[in-house]
>>> print(open('upload_8.txt').read())   # compact mmCIF, C-alpha atoms and all ligand atoms
# COMPACT_ATOMS: atom_id res chain seq x y z
CA MET D 410 11.58 6.67 -24.78
CA HIS D 411 13.62 4.68 -22.32
CA PHE D 412 12.00 2.02 -20.15
CA GLU D 413 15.11 0.34 -18.73
CA LEU D 414 16.00 0.77 -15.07
CA SER D 415 19.48 2.23 -14.62
CA HIS D 416 22.30 -0.21 -13.83
CA GLU D 417 22.35 0.94 -10.18
CA HIS D 418 18.57 0.53 -9.75
CA THR D 419 18.66 -2.88 -11.46
CA MET D 420 21.30 -3.98 -8.97
CA LEU D 421 19.10 -2.76 -6.11
CA LYS D 422 16.08 -4.63 -7.54
CA ASP D 423 18.17 -7.80 -7.84
CA LEU D 424 19.39 -7.39 -4.26
CA VAL D 425 15.81 -7.05 -2.97
CA GLY D 426 14.83 -10.07 -5.11
CA LYS D 427 17.56 -12.13 -3.45
CA PHE D 428 16.50 -10.86 -0.01
CA VAL D 429 12.90 -11.93 -0.74
CA ARG D 430 14.02 -15.39 -1.93
CA ASP D 431 16.48 -16.00 0.91
CA GLN D 432 14.76 -14.34 3.86
CA LEU D 433 11.02 -13.95 3.23
CA ILE D 434 9.92 -16.89 1.07
CA PRO D 435 11.29 -19.41 3.64
CA LEU D 436 8.90 -17.80 6.18
CA GLU D 437 5.89 -18.15 3.89
CA SER D 438 4.79 -21.55 5.23
CA SER D 439 4.77 -20.24 8.84
CA VAL D 440 2.75 -17.18 7.83
CA LEU D 441 0.28 -19.34 5.88
CA ALA D 442 -0.05 -21.76 8.83
CA ARG D 443 -0.82 -18.87 11.20
CA GLU D 444 -3.34 -17.45 8.78
CA SER D 445 -4.98 -20.89 8.34
CA ALA D 446 -5.24 -21.19 12.13
CA GLY D 447 -7.24 -17.95 12.18
CA GLN D 448 -4.44 -15.95 13.80
CA GLY D 449 -3.94 -13.58 10.88
CA SER D 450 -0.96 -13.23 8.56
CA TYR D 451 2.01 -11.67 10.29
CA LEU D 452 5.66 -12.16 11.15
CA ASN D 453 6.22 -12.72 14.87
CA PRO D 454 8.59 -10.36 16.74
CA ASP D 455 11.55 -12.77 16.48
CA GLU D 456 11.05 -13.24 12.74
CA THR D 457 10.64 -9.50 12.25
CA ALA D 458 13.80 -8.78 14.25
CA ALA D 459 15.80 -11.33 12.24
CA VAL D 460 14.53 -10.06 8.89
CA ASP D 461 15.01 -6.42 9.93
CA ALA D 462 18.61 -7.17 10.90
CA VAL D 463 19.33 -8.58 7.43
CA SER D 464 17.53 -5.83 5.49
CA ARG D 465 19.34 -3.17 7.54
CA GLU D 466 22.69 -4.90 7.01
CA LEU D 467 22.00 -4.97 3.26
CA GLY D 468 21.38 -1.20 3.32
CA LEU D 469 17.69 -1.53 2.44
CA TRP D 470 16.32 0.89 5.04
CA GLY D 471 15.31 4.45 4.25
CA LEU D 472 15.61 3.90 0.50
CA ASP D 473 13.37 6.82 -0.45
CA ALA D 474 13.95 8.95 2.66
CA PRO D 475 15.86 12.23 2.34
CA GLU D 476 19.64 12.01 2.63
CA GLU D 477 19.81 14.65 5.36
CA VAL D 478 17.91 12.32 7.69
CA GLY D 479 19.94 9.26 6.80
CA GLY D 480 18.02 8.02 3.78
CA MET D 481 19.11 7.31 0.20
CA ASN D 482 16.67 9.65 -1.53
CA LEU D 483 15.96 7.14 -4.31
CA PRO D 484 13.49 8.15 -7.02
CA MET D 485 10.07 6.56 -7.48
CA VAL D 486 11.26 4.45 -10.46
CA ALA D 487 13.77 2.69 -8.21
CA MET D 488 11.03 2.02 -5.65
CA VAL D 489 8.84 0.35 -8.32
CA GLY D 490 11.56 -2.29 -8.78
CA VAL D 491 11.95 -2.72 -5.01
CA ASN D 492 8.21 -3.12 -4.42
CA GLU D 493 7.77 -5.45 -7.37
CA GLU D 494 10.23 -7.82 -5.69
CA LEU D 495 8.54 -7.47 -2.27
CA GLY D 496 5.22 -8.29 -3.96
CA ARG D 497 6.50 -11.72 -5.00
CA THR D 498 5.81 -13.16 -1.56
CA ALA D 499 2.68 -13.47 0.57
CA VAL D 500 4.83 -12.65 3.64
CA PRO D 501 3.80 -9.22 4.93
CA TYR D 502 7.02 -7.23 5.24
CA THR D 503 7.75 -3.57 4.59
CA LEU D 504 11.26 -2.17 4.39
CA PRO D 505 11.32 0.60 7.01
CA PRO D 506 10.05 3.24 6.80
CA ASP D 507 6.78 2.64 4.94
CA SER D 508 6.86 5.13 2.06
CA PRO D 509 3.35 6.71 1.96
CA ASN D 510 3.39 8.40 5.38
CA LEU D 511 7.08 9.15 4.89
CA ARG D 512 6.29 11.14 1.74
CA MET D 513 3.41 12.93 3.45
CA LEU D 514 5.72 13.92 6.31
CA MET D 515 8.40 14.98 3.82
CA VAL D 516 6.07 17.42 2.06
CA ALA D 517 4.24 18.76 5.12
CA ALA D 518 6.36 18.48 8.31
CA ASP D 519 7.96 21.63 9.77
CA GLU D 520 11.30 21.57 11.53
CA ARG D 521 9.91 20.53 14.93
CA GLN D 522 7.77 17.79 13.40
CA ARG D 523 10.72 16.53 11.33
CA ALA D 524 12.78 16.10 14.50
CA ALA D 525 9.94 14.58 16.54
CA TYR D 526 8.29 12.39 13.90
CA LEU D 527 10.10 12.17 10.56
CA GLU D 528 13.59 11.39 11.82
CA PRO D 529 12.67 8.56 14.25
CA TYR D 530 10.38 7.21 11.53
CA VAL D 531 13.21 7.12 9.00
CA ARG D 532 15.44 5.38 11.56
CA GLY D 533 12.78 2.65 11.82
CA GLU D 534 12.09 3.47 15.49
CA THR D 535 8.38 4.19 15.05
CA ILE D 536 5.44 2.94 13.06
CA SER D 537 2.56 5.05 11.81
CA ALA D 538 -1.02 4.82 10.62
CA ILE D 539 -3.27 7.01 8.49
CA GLY D 540 -6.80 7.88 9.58
CA ILE D 541 -8.96 9.11 6.71
CA SER D 542 -11.96 6.78 6.36
CA GLU D 543 -15.09 7.14 8.43
CA PRO D 544 -18.31 5.14 8.70
CA GLY D 545 -20.00 7.69 6.41
CA ALA D 546 -17.02 8.67 4.23
CA GLY D 547 -14.82 6.12 2.46
CA ALA D 548 -14.31 6.43 -1.28
CA ASP D 549 -15.41 10.05 -0.96
CA PRO D 550 -13.36 11.57 1.89
CA ALA D 551 -15.03 14.93 1.30
CA GLY D 552 -17.94 13.49 3.31
CA MET D 553 -15.71 13.43 6.41
CA THR D 554 -17.34 14.75 9.58
CA THR D 555 -14.60 14.30 12.20
CA LEU D 556 -14.17 17.84 13.46
CA ALA D 557 -11.18 19.62 15.02
CA VAL D 558 -11.99 22.82 16.91
CA GLU D 559 -9.37 25.28 18.17
CA ASP D 560 -9.11 25.65 21.94
CA GLY D 561 -6.35 28.07 22.91
CA ASP D 562 -3.13 26.62 21.51
CA ASP D 563 -4.67 23.17 21.14
CA TRP D 564 -7.16 21.40 18.93
CA ILE D 565 -10.01 19.28 20.25
CA ILE D 566 -10.96 16.48 17.89
CA ASN D 567 -14.26 14.59 17.91
CA GLY D 568 -15.47 11.96 15.46
CA ARG D 569 -15.19 8.37 14.28
CA LYS D 570 -12.66 6.64 12.05
CA ILE D 571 -12.89 3.12 10.66
CA TRP D 572 -10.77 0.62 8.70
CA ILE D 573 -7.57 2.15 10.06
CA THR D 574 -4.68 -0.27 9.54
CA ARG D 575 -2.18 -0.53 12.44
CA ALA D 576 -4.09 2.09 14.50
CA ALA D 577 -3.64 0.14 17.74
CA GLU D 578 0.06 -0.61 17.18
CA ALA D 579 1.18 2.64 15.54
CA ASP D 580 3.15 5.12 17.64
CA PHE D 581 1.30 7.90 15.85
CA THR D 582 -1.60 8.25 13.43
CA ILE D 583 -1.81 10.96 10.80
CA LEU D 584 -5.42 11.87 11.37
CA MET D 585 -7.51 13.87 8.90
CA ALA D 586 -10.23 16.14 10.31
CA VAL D 587 -12.40 19.02 9.18
CA THR D 588 -11.10 22.32 10.56
CA ASP D 589 -13.34 24.77 8.70
CA ARG D 590 -16.87 24.00 7.63
CA ASN D 591 -17.98 25.47 4.32
CA PRO D 592 -21.77 25.22 3.90
CA ALA D 593 -21.48 26.30 0.23
CA GLY D 594 -18.82 23.82 -0.84
CA ARG D 595 -16.14 21.39 0.34
CA ASN D 596 -15.15 21.52 3.99
CA ALA D 597 -11.49 22.36 4.57
CA MET D 598 -9.57 19.50 6.13
CA SER D 599 -6.29 19.40 8.01
CA ALA D 600 -3.91 16.68 9.13
CA PHE D 601 -2.85 16.08 12.74
CA LEU D 602 -0.11 13.96 14.30
CA VAL D 603 -1.87 12.05 17.05
CA ASP D 604 0.18 9.88 19.42
CA ARG D 605 -1.24 6.51 20.39
CA ASP D 606 -1.49 7.34 24.10
CA THR D 607 -3.30 10.67 23.58
CA PRO D 608 -6.38 10.76 25.86
CA GLY D 609 -9.52 10.61 23.72
CA PHE D 610 -7.88 8.55 20.96
CA ASN D 611 -9.90 5.43 21.70
CA VAL D 612 -9.52 2.21 19.75
CA LEU D 613 -12.99 0.64 19.83
CA ARG D 614 -12.49 -2.66 18.05
CA LYS D 615 -10.19 -4.74 15.91
CA ILE D 616 -11.68 -5.84 12.58
CA PRO D 617 -10.12 -8.92 10.94
CA MET D 618 -9.82 -8.50 7.17
CA ILE D 619 -9.85 -11.27 4.56
CA ASP D 620 -6.13 -10.88 3.80
CA GLY D 621 -5.13 -11.86 7.34
CA THR D 622 -4.49 -8.26 8.41
CA ALA D 623 -6.60 -6.20 10.79
CA THR D 624 -8.03 -2.72 10.72
CA TYR D 625 -9.46 -0.75 13.63
CA GLU D 626 -12.39 1.47 14.47
CA ILE D 627 -11.50 4.55 16.49
CA ALA D 628 -13.52 7.09 18.42
CA LEU D 629 -12.06 10.57 18.86
CA GLU D 630 -13.61 11.83 22.06
CA ASP D 631 -12.48 15.30 23.05
CA CYS D 632 -9.05 14.27 21.86
CA ARG D 633 -6.76 17.22 22.69
CA VAL D 634 -3.84 17.69 20.28
CA PRO D 635 -1.26 20.47 20.76
CA GLY D 636 -1.31 23.10 18.00
CA TRP D 637 2.22 22.32 16.81
CA LYS D 638 1.05 18.83 15.81
CA MET D 639 -1.04 20.13 12.94
CA LEU D 640 0.79 18.69 9.92
CA GLY D 641 0.94 21.28 7.14
CA GLN D 642 -1.25 24.33 6.80
CA ARG D 643 -4.71 24.70 8.30
CA GLY D 644 -7.34 23.65 5.78
CA GLN D 645 -4.67 22.48 3.31
CA GLY D 646 -4.58 18.80 4.30
CA PHE D 647 -5.96 17.49 1.03
CA ALA D 648 -2.82 17.97 -1.14
CA PRO D 649 -0.32 16.20 1.22
CA MET D 650 -2.92 13.45 1.71
CA GLN D 651 -2.98 12.99 -2.08
CA VAL D 652 0.83 12.69 -2.12
CA ARG D 653 0.44 9.94 0.47
CA LEU D 654 -2.32 8.16 -1.41
CA GLY D 655 -0.46 8.44 -4.73
CA THR D 656 2.65 6.89 -3.19
CA ARG D 657 0.65 3.95 -1.82
CA ARG D 658 -1.15 3.49 -5.13
CA ILE D 659 2.06 3.20 -7.14
CA GLU D 660 3.43 0.86 -4.47
CA MET D 661 0.29 -1.27 -4.76
CA ALA D 662 0.61 -1.42 -8.55
CA SER D 663 4.22 -2.58 -8.08
CA TRP D 664 3.23 -5.26 -5.55
CA ALA D 665 0.56 -6.40 -8.01
CA ILE D 666 3.24 -6.86 -10.70
CA GLY D 667 5.22 -8.98 -8.20
CA MET D 668 2.23 -11.15 -7.26
CA ALA D 669 1.23 -11.64 -10.89
CA SER D 670 4.82 -12.58 -11.84
CA ARG D 671 4.99 -15.16 -9.04
CA ALA D 672 1.67 -16.65 -10.19
CA LEU D 673 2.92 -16.73 -13.80
CA ASP D 674 6.14 -18.51 -12.75
CA MET D 675 4.08 -21.06 -10.83
CA MET D 676 1.83 -21.66 -13.86
CA VAL D 677 4.82 -22.08 -16.19
CA ASP D 678 6.45 -24.58 -13.81
CA TYR D 679 3.30 -26.59 -13.15
CA ALA D 680 1.57 -26.74 -16.55
CA PRO D 681 4.04 -29.22 -18.15
CA GLN D 682 4.11 -31.42 -15.03
CA ARG D 683 0.40 -32.19 -14.70
CA THR D 684 -1.14 -34.60 -17.19
CA THR D 685 -4.90 -35.01 -17.67
CA PHE D 686 -6.64 -37.03 -20.39
CA GLY D 687 -3.25 -38.07 -21.80
CA LYS D 688 -1.81 -34.59 -22.29
CA PRO D 689 0.04 -32.12 -20.08
CA LEU D 690 -1.93 -29.03 -19.08
CA SER D 691 0.65 -26.99 -21.03
CA ALA D 692 -0.74 -28.52 -24.27
CA ARG D 693 -4.22 -27.07 -23.61
CA GLN D 694 -5.18 -23.89 -25.38
CA THR D 695 -6.98 -22.45 -22.34
CA VAL D 696 -3.89 -22.89 -20.21
CA GLN D 697 -1.69 -21.39 -22.92
CA ASN D 698 -4.06 -18.43 -23.09
CA TRP D 699 -3.83 -17.92 -19.33
CA ILE D 700 -0.04 -17.94 -19.58
CA SER D 701 0.20 -15.64 -22.58
CA ASP D 702 -2.45 -13.31 -21.17
CA ALA D 703 -0.55 -13.11 -17.86
CA ALA D 704 2.77 -12.39 -19.59
CA THR D 705 1.18 -9.72 -21.80
CA LYS D 706 -0.60 -8.01 -18.93
CA ILE D 707 2.50 -8.10 -16.72
CA HIS D 708 4.44 -6.44 -19.54
CA ALA D 709 1.77 -3.74 -19.83
CA MET D 710 1.60 -3.29 -16.05
CA ARG D 711 5.37 -2.77 -15.86
CA LEU D 712 5.48 -0.26 -18.70
CA MET D 713 2.57 1.72 -17.25
CA THR D 714 3.93 1.71 -13.71
CA TYR D 715 7.48 2.71 -14.67
CA ASP D 716 6.07 5.41 -16.93
CA CYS D 717 3.95 6.77 -14.07
CA ALA D 718 6.89 6.65 -11.63
CA TRP D 719 9.16 8.41 -14.09
CA LYS D 720 6.57 11.15 -14.60
CA ILE D 721 6.27 11.58 -10.81
CA ASP D 722 10.06 11.88 -10.58
CA GLU D 723 9.89 14.53 -13.32
CA GLY D 724 7.31 16.45 -11.27
CA ARG D 725 4.52 15.96 -13.82
CA ASP D 726 0.82 15.73 -13.07
CA THR D 727 0.01 12.00 -12.94
CA ARG D 728 -3.51 11.97 -11.52
CA SER D 729 -4.89 9.97 -14.45
CA GLU D 730 -1.89 7.63 -14.67
CA ILE D 731 -2.06 6.81 -10.96
CA SER D 732 -5.74 5.94 -11.27
CA MET D 733 -5.03 3.86 -14.40
CA ILE D 734 -2.28 1.79 -12.77
CA LYS D 735 -4.13 1.41 -9.44
CA SER D 736 -7.11 -0.06 -11.24
CA PHE D 737 -5.47 -1.91 -14.16
CA CYS D 738 -2.56 -3.54 -12.31
CA ILE D 739 -4.61 -4.75 -9.37
CA GLU D 740 -7.58 -5.98 -11.41
CA SER D 741 -5.18 -7.75 -13.84
CA ALA D 742 -3.13 -9.35 -11.08
CA TYR D 743 -6.30 -10.55 -9.35
CA GLU D 744 -7.36 -12.30 -12.55
CA ILE D 745 -3.88 -13.78 -13.17
CA VAL D 746 -3.67 -15.19 -9.62
CA ASP D 747 -7.18 -16.58 -10.04
CA HIS D 748 -6.15 -18.37 -13.26
CA ALA D 749 -3.15 -19.86 -11.44
CA MET D 750 -5.44 -21.10 -8.65
CA GLN D 751 -7.72 -22.66 -11.27
CA MET D 752 -4.79 -24.37 -13.00
CA PHE D 753 -3.63 -25.95 -9.72
CA GLY D 754 -7.05 -27.56 -9.25
CA ALA D 755 -7.75 -28.64 -5.65
CA MET D 756 -4.20 -27.73 -4.67
CA GLY D 757 -5.04 -24.15 -5.71
CA MET D 758 -7.90 -24.21 -3.20
CA THR D 759 -5.65 -24.97 -0.25
CA ARG D 760 -4.10 -22.68 2.28
CA GLU D 761 -0.74 -24.33 1.59
CA LEU D 762 0.10 -22.43 -1.60
CA PRO D 763 0.64 -18.65 -1.28
CA LEU D 764 -1.87 -18.04 -4.09
CA TYR D 765 -5.01 -17.75 -1.95
CA LEU D 766 -3.39 -15.21 0.37
CA MET D 767 -2.18 -13.21 -2.63
CA SER D 768 -5.67 -13.42 -4.08
CA ASN D 769 -7.19 -12.14 -0.83
CA LYS D 770 -4.59 -9.37 -0.61
CA LEU D 771 -5.44 -8.29 -4.15
CA ARG D 772 -9.12 -8.53 -3.30
CA THR D 773 -8.67 -5.96 -0.51
CA MET D 774 -6.42 -3.85 -2.76
CA ARG D 775 -9.34 -3.53 -5.18
CA ILE D 776 -11.02 -1.51 -2.39
CA TYR D 777 -8.48 0.38 -0.29
CA ASP D 778 -6.81 3.57 -1.42
CA GLY D 779 -9.75 4.03 -3.72
CA PRO D 780 -11.95 1.27 -5.19
CA SER D 781 -11.23 0.36 -8.85
CA GLU D 782 -14.57 1.82 -9.96
CA VAL D 783 -13.66 5.19 -8.46
CA HIS D 784 -10.29 5.23 -10.24
CA ASN D 785 -11.98 4.30 -13.53
CA TRP D 786 -14.43 7.13 -12.93
CA VAL D 787 -11.53 9.58 -12.30
CA VAL D 788 -9.99 8.66 -15.67
CA ALA D 789 -13.30 8.91 -17.54
CA ARG D 790 -14.20 12.19 -15.84
CA GLN D 791 -10.89 13.71 -16.91
CA LEU D 792 -11.46 12.63 -20.52
CA LEU D 793 -15.07 13.74 -20.55
CA GLY D 794 -14.22 17.04 -18.87
CA THR D 795 -16.99 16.63 -16.30
CA ARG D 796 -17.09 16.77 -12.52
CA GLU D 797 -19.97 14.23 -12.26
C1 LIG S 1 -7.69 -3.82 3.99
C2 LIG S 1 -8.11 -2.38 4.12
C3 LIG S 1 -7.26 -1.48 4.76
C4 LIG S 1 -7.66 -0.14 4.90
N1 LIG S 1 -6.81 0.73 5.57
C5 LIG S 1 -7.20 2.01 5.75
C6 LIG S 1 -6.37 2.90 6.49
O1 LIG S 1 -5.30 2.54 7.00
N2 LIG S 1 -6.80 4.19 6.65
C7 LIG S 1 -7.97 4.65 6.12
O2 LIG S 1 -8.27 5.81 6.28
N3 LIG S 1 -8.77 3.81 5.40
C8 LIG S 1 -8.42 2.52 5.20
N4 LIG S 1 -9.23 1.65 4.49
C9 LIG S 1 -10.49 2.14 3.98
C10 LIG S 1 -10.54 2.28 2.47
O3 LIG S 1 -9.70 3.30 2.00
C11 LIG S 1 -12.01 2.48 2.09
O4 LIG S 1 -12.66 1.25 2.38
C12 LIG S 1 -12.21 2.82 0.64
O5 LIG S 1 -11.81 4.14 0.40
C13 LIG S 1 -13.67 2.64 0.21
O6 LIG S 1 -14.53 3.28 1.11
P1 LIG S 1 -15.84 2.49 1.65
O7 LIG S 1 -15.39 1.20 2.17
O8 LIG S 1 -16.57 3.39 2.57
O9 LIG S 1 -16.70 2.24 0.35
P2 LIG S 1 -17.80 3.23 -0.28
O10 LIG S 1 -17.27 4.61 -0.33
O11 LIG S 1 -19.09 3.00 0.43
O12 LIG S 1 -17.91 2.62 -1.73
C14 LIG S 1 -18.51 1.30 -1.91
C15 LIG S 1 -18.41 0.89 -3.35
O13 LIG S 1 -19.19 1.76 -4.15
C16 LIG S 1 -18.61 1.91 -5.43
N5 LIG S 1 -18.38 3.34 -5.70
C17 LIG S 1 -18.19 4.34 -4.79
N6 LIG S 1 -18.03 5.52 -5.43
C18 LIG S 1 -18.15 5.27 -6.75
C19 LIG S 1 -18.06 6.07 -7.94
N7 LIG S 1 -17.80 7.40 -7.88
N8 LIG S 1 -18.20 5.46 -9.13
C20 LIG S 1 -18.44 4.13 -9.21
N9 LIG S 1 -18.52 3.33 -8.13
C21 LIG S 1 -18.37 3.88 -6.93
C22 LIG S 1 -17.28 1.11 -5.42
O14 LIG S 1 -17.52 -0.15 -6.01
C23 LIG S 1 -17.00 0.95 -3.94
O15 LIG S 1 -16.24 -0.23 -3.65
C24 LIG S 1 -8.88 0.31 4.35
C25 LIG S 1 -9.71 -0.62 3.70
C26 LIG S 1 -9.34 -1.94 3.58
C27 LIG S 1 -10.26 -2.88 2.85
>>> encode(input="upload_8.txt", output="structure tokens")
Amino acid sequence: MHFELSHEHTMLKDLVGKFVRDQLIPLESSVLARESAGQGSYLNPDETAAVDAVSRELGLWGLDAPEEVGGMNLPMVAMVGVNEELGRTAVPYTLPPDSPNLRMLMVAADERQRAAYLEPYVRGETISAIGISEPGAGADPAGMTTLAVEDGDDWIINGRKIWITRAAEADFTILMAVTDRNPAGRNAMSAFLVDRDTPGFNVLRKIPMIDGTATYEIALEDCRVPGWKMLGQRGQGFAPMQVRLGTRRIEMASWAIGMASRALDMMVDYAPQRTTFGKPLSARQTVQNWISDAATKIHAMRLMTYDCAWKIDEGRDTRSEISMIKSFCIESAYEIVDHAMQMFGAMGMTRELPLYLMSNKLRTMRIYDGPSEVHNWVVARQLLGTRE
């Protein structure tokens, strides 16, 4: 067994680490100030342009995109290192293009869709969203009722979507809809590429989330989508959607390692400096336990996440592993960040340290892309050999 990143991937991880320290962490106080003022956590267009220019110059765009469309085709293990470094800051920044929809397009797009959607996306010219969740179907997408009906060469989509990140800003949304109802079993669902300005794609409201981001509710009202914009085969949308979800889940586990490592570093720096009742906090057993527990869990998180990424790169079935890391890494990081907040006392309760924003990010991550309880259930179900 070999758990070391290759020399080349270690150099990439170090480069991203330096980029995060030099470019993103200096922006953290502005992001926290905006979030404290109730404006949400975001980089403004000037900041984004400046950071994009540096990341592009450093060759950090299209890391896991196919070479034939200008990417570097890096394996999942390399991306774990990259995302771990990006997770070390509360600044919301994604190296273009965001991997989950990229991977879904890579597995499902035909030639025309690659030219129209994948290639501009890889070049960082477009942003995308994913529309799966509905008011009546979240953790269990099989309960989806948004319906696409064929009309000549087109599809007419009707239904409701909710909690859709970036839906109002995205150039296109990959929208999941039922295309064939099956009264005896699971409905067959398909994916569609829906442009933002498509008539009938109506953004109803913006919903502020506790991590400073926003999601949107959308109504699909006789939304007409040309037939060639069906992504993948009719009724076969579930498998590419799982590729997308799996990619996000491993990314989230990697971000969680980054957030937990930052919290651990902050605890290790602070504990010897603060004295109470005549002794530094670092002399207290509880504080030592928090530190050793964090270091141990971070070690476990890394081993599990690299193992899962390696298995994905080998083409193995990782359904259980993905659920294990999605649940374990995020729940562990949430606890580690919480211990750091506790150790900082009142300072840990301010909006001046990045810890509260990390905590709120992790809090939302315990829900999206599958709540922890659902991932735990997936693992148990596999072991028990049951479907219930
Ligand atoms: C910040 C954020 C961003 C999001 N972005 C998007 C997006 O871009 N696109 C999109 O499509 N969706 C998005 N979502 C939606 C997200 O994927 C869903 O919220 C999630 O799948 C849970 O669905 P739900 O909220 O309907 O909860 P429900 O399905 O109602 O579940 C509620 C709770 O019940 C429990 N539970 C459910 N099933 C089980 C089970 N089998 N065993 C044990 N416990 C169970 C869990 O504790 C769960 O948290 C986002 C959500 C958030 C919070």
>>> atom_distance(input="upload_8.txt", atom1="atom CA of Pro608 of chain D", atom2="atom CA of Arg575 of chain D")
18.0 Å
>>> residues_near_point(input="upload_8.txt", point="(4.0, -18.9, 7.5)", cutoff="12 Å", atoms="all atoms listed in the file", output="MDAnalysis selection string")
chainID D and resid 433:446 448:453 456 498:501 621 760:763 766
>>> closest_atom_pairs(input="upload_8.txt", of="chain D", to="ligand LIG 1 (chain S)", cutoff="6 Å", atoms="only C-alpha atoms and all ligand atoms", output="tab-separated table")
residue	atom	partner	partner_atom	distance
D:Ile539	CA	S:LIG1	N2	4.9
D:Gly540	CA	S:LIG1	O2	4.2
D:Ile541	CA	S:LIG1	O2	3.4
D:Ser542	CA	S:LIG1	O2	3.8
D:Ala546	CA	S:LIG1	O8	5.6
D:Gly547	CA	S:LIG1	O6	3.2
D:Ala548	CA	S:LIG1	O10	3.6
D:Asp549	CA	S:LIG1	O10	5.8
D:Trp572	CA	S:LIG1	N4	4.6
D:Ile573	CA	S:LIG1	O1	3.8
D:Thr574	CA	S:LIG1	O1	3.8
D:Thr773	CA	S:LIG1	C27	4.8
D:Ile776	CA	S:LIG1	C12	5.4
D:Tyr777	CA	S:LIG1	O3	3.9
D:Asp778	CA	S:LIG1	O3	4.5
D:Gly779	CA	S:LIG1	O5	4.6
D:Pro780	CA	S:LIG1	O15	4.8
D:Glu782	CA	S:LIG1	C20	4.6
D:Val783	CA	S:LIG1	C19	4.5
D:Trp786	CA	S:LIG1	N8	5.6
>>> residues_around(input="upload_8.txt", residues="Gly426 of chain D", least_positions_apart="4", cutoff="8 Å", atoms="all atoms listed in the file", output="PDB file with C-alpha atoms, in the coordinates of the input")
ATOM      1  CA  LYS D 422      16.080  -4.630  -7.540  1.00  0.00           C
ATOM      2  CA  ARG D 430      14.020 -15.390  -1.930  1.00  0.00           C
ATOM      3  CA  VAL D 491      11.950  -2.720  -5.010  1.00  0.00           C
ATOM      4  CA  GLU D 494      10.230  -7.820  -5.690  1.00  0.00           C
ATOM      5  CA  LEU D 495       8.540  -7.470  -2.270  1.00  0.00           C
TER       6      LEU D 495
END
>>> residues_near_point(input="upload_8.txt", point="(6.2, -25.9, -13.6)", cutoff="12 Å", atoms="only C-alpha atoms", output="ChimeraX atom specification")
/D:671-684,689-691,700,749,752-753
>>> closest_atom_pairs(input="upload_8.txt", of="segment 473-584 of chain D", to="segment 711-720 of chain D", cutoff="9 Å", atoms="only C-alpha atoms", output="JSON lines")
{"residue": "D:Pro484", "atom": "CA", "partner": "D:Ala718", "partner_atom": "CA", "distance": 8.2}
{"residue": "D:Met485", "atom": "CA", "partner": "D:Ala718", "partner_atom": "CA", "distance": 5.2}
{"residue": "D:Val486", "atom": "CA", "partner": "D:Ala718", "partner_atom": "CA", "distance": 5.0}
{"residue": "D:Ala487", "atom": "CA", "partner": "D:Ala718", "partner_atom": "CA", "distance": 8.6}
{"residue": "D:Met488", "atom": "CA", "partner": "D:Ala718", "partner_atom": "CA", "distance": 8.6}
{"residue": "D:Val489", "atom": "CA", "partner": "D:Tyr715", "partner_atom": "CA", "distance": 6.9}
{"residue": "D:Gly490", "atom": "CA", "partner": "D:Tyr715", "partner_atom": "CA", "distance": 8.7}
>>> atom_distance(input="upload_8.txt", atom1="atom CA of Asp606 of chain D", atom2="atom CA of Pro454 of chain D")
21.7 Å
>>> atom_distance(input="upload_8.txt", atom1="atom CA of Asn492 of chain D", atom2="atom CA of Met710 of chain D")
13.4 Å
>>> residues_around(input="upload_8.txt", residues="segment 519-531 of chain D", least_positions_apart="4", cutoff="12 Å", atoms="only C-alpha atoms", output="VMD selection string")
chain D and resid 469 to 482 504 to 515 535 to 538 579 to 583 601 to 604 635 to 642
>>> closest_residue(input="upload_8.txt", among="D:Asp423, D:Asp455, D:Asp747, D:Glu493", to="Glu660 of chain D", atoms="only C-alpha atoms")
D:Glu493
>>> residues_around(input="upload_8.txt", residues="segment 591-593 of chain D", least_positions_apart="6", cutoff="12 Å", atoms="only C-alpha atoms", output="VMD selection string")
chain D and resid 551 554 644
>>> closest_residue(input="upload_8.txt", among="D:Val652, D:Met750, D:Met668, D:Ala623", to="Ile721 of chain D", atoms="only C-alpha atoms")
D:Val652
>>> closest_residue(input="upload_8.txt", among="D:Arg653, D:Lys735, D:Arg532, D:Arg772", to="Ile666 of chain D", atoms="all atoms listed in the file")
D:Lys735
>>> closest_residue(input="upload_8.txt", among="D:Glu534, D:Asn596, D:Asp631, D:Leu771", to="Phe737 of chain D", atoms="all atoms listed in the file")
D:Leu771
>>> decode(input="upload_8.txt", residues="segment 584-600 of chain D", atoms="C-alpha atoms", output="short mmCIF file (atom, residue, chain, number, x, y, z; two decimals), in the first residue's frame")
data_model
loop_
_atom_site.label_atom_id
_atom_site.label_comp_id
_atom_site.auth_asym_id
_atom_site.auth_seq_id
_atom_site.Cartn_x
_atom_site.Cartn_y
_atom_site.Cartn_z
CA LEU D 584 -31.65 20.03 -14.84
CA MET D 585 -32.93 16.59 -13.83
CA ALA D 586 -36.49 15.66 -14.81
CA VAL D 587 -38.66 12.58 -15.10
CA THR D 588 -39.05 11.52 -18.73
CA ASP D 589 -40.83 8.20 -18.30
CA ARG D 590 -43.19 7.43 -15.46
CA ASN D 591 -43.13 3.90 -14.12
CA PRO D 592 -46.13 3.20 -11.87
CA ALA D 593 -44.59 -0.13 -10.75
CA GLY D 594 -41.16 1.17 -9.78
CA ARG D 595 -38.71 4.06 -10.08
CA ASN D 596 -39.47 6.75 -12.63
CA ALA D 597 -36.80 7.13 -15.31
CA MET D 598 -35.04 10.47 -15.15
CA SER D 599 -33.01 12.37 -17.71
CA ALA D 600 -30.70 15.37 -17.64
#
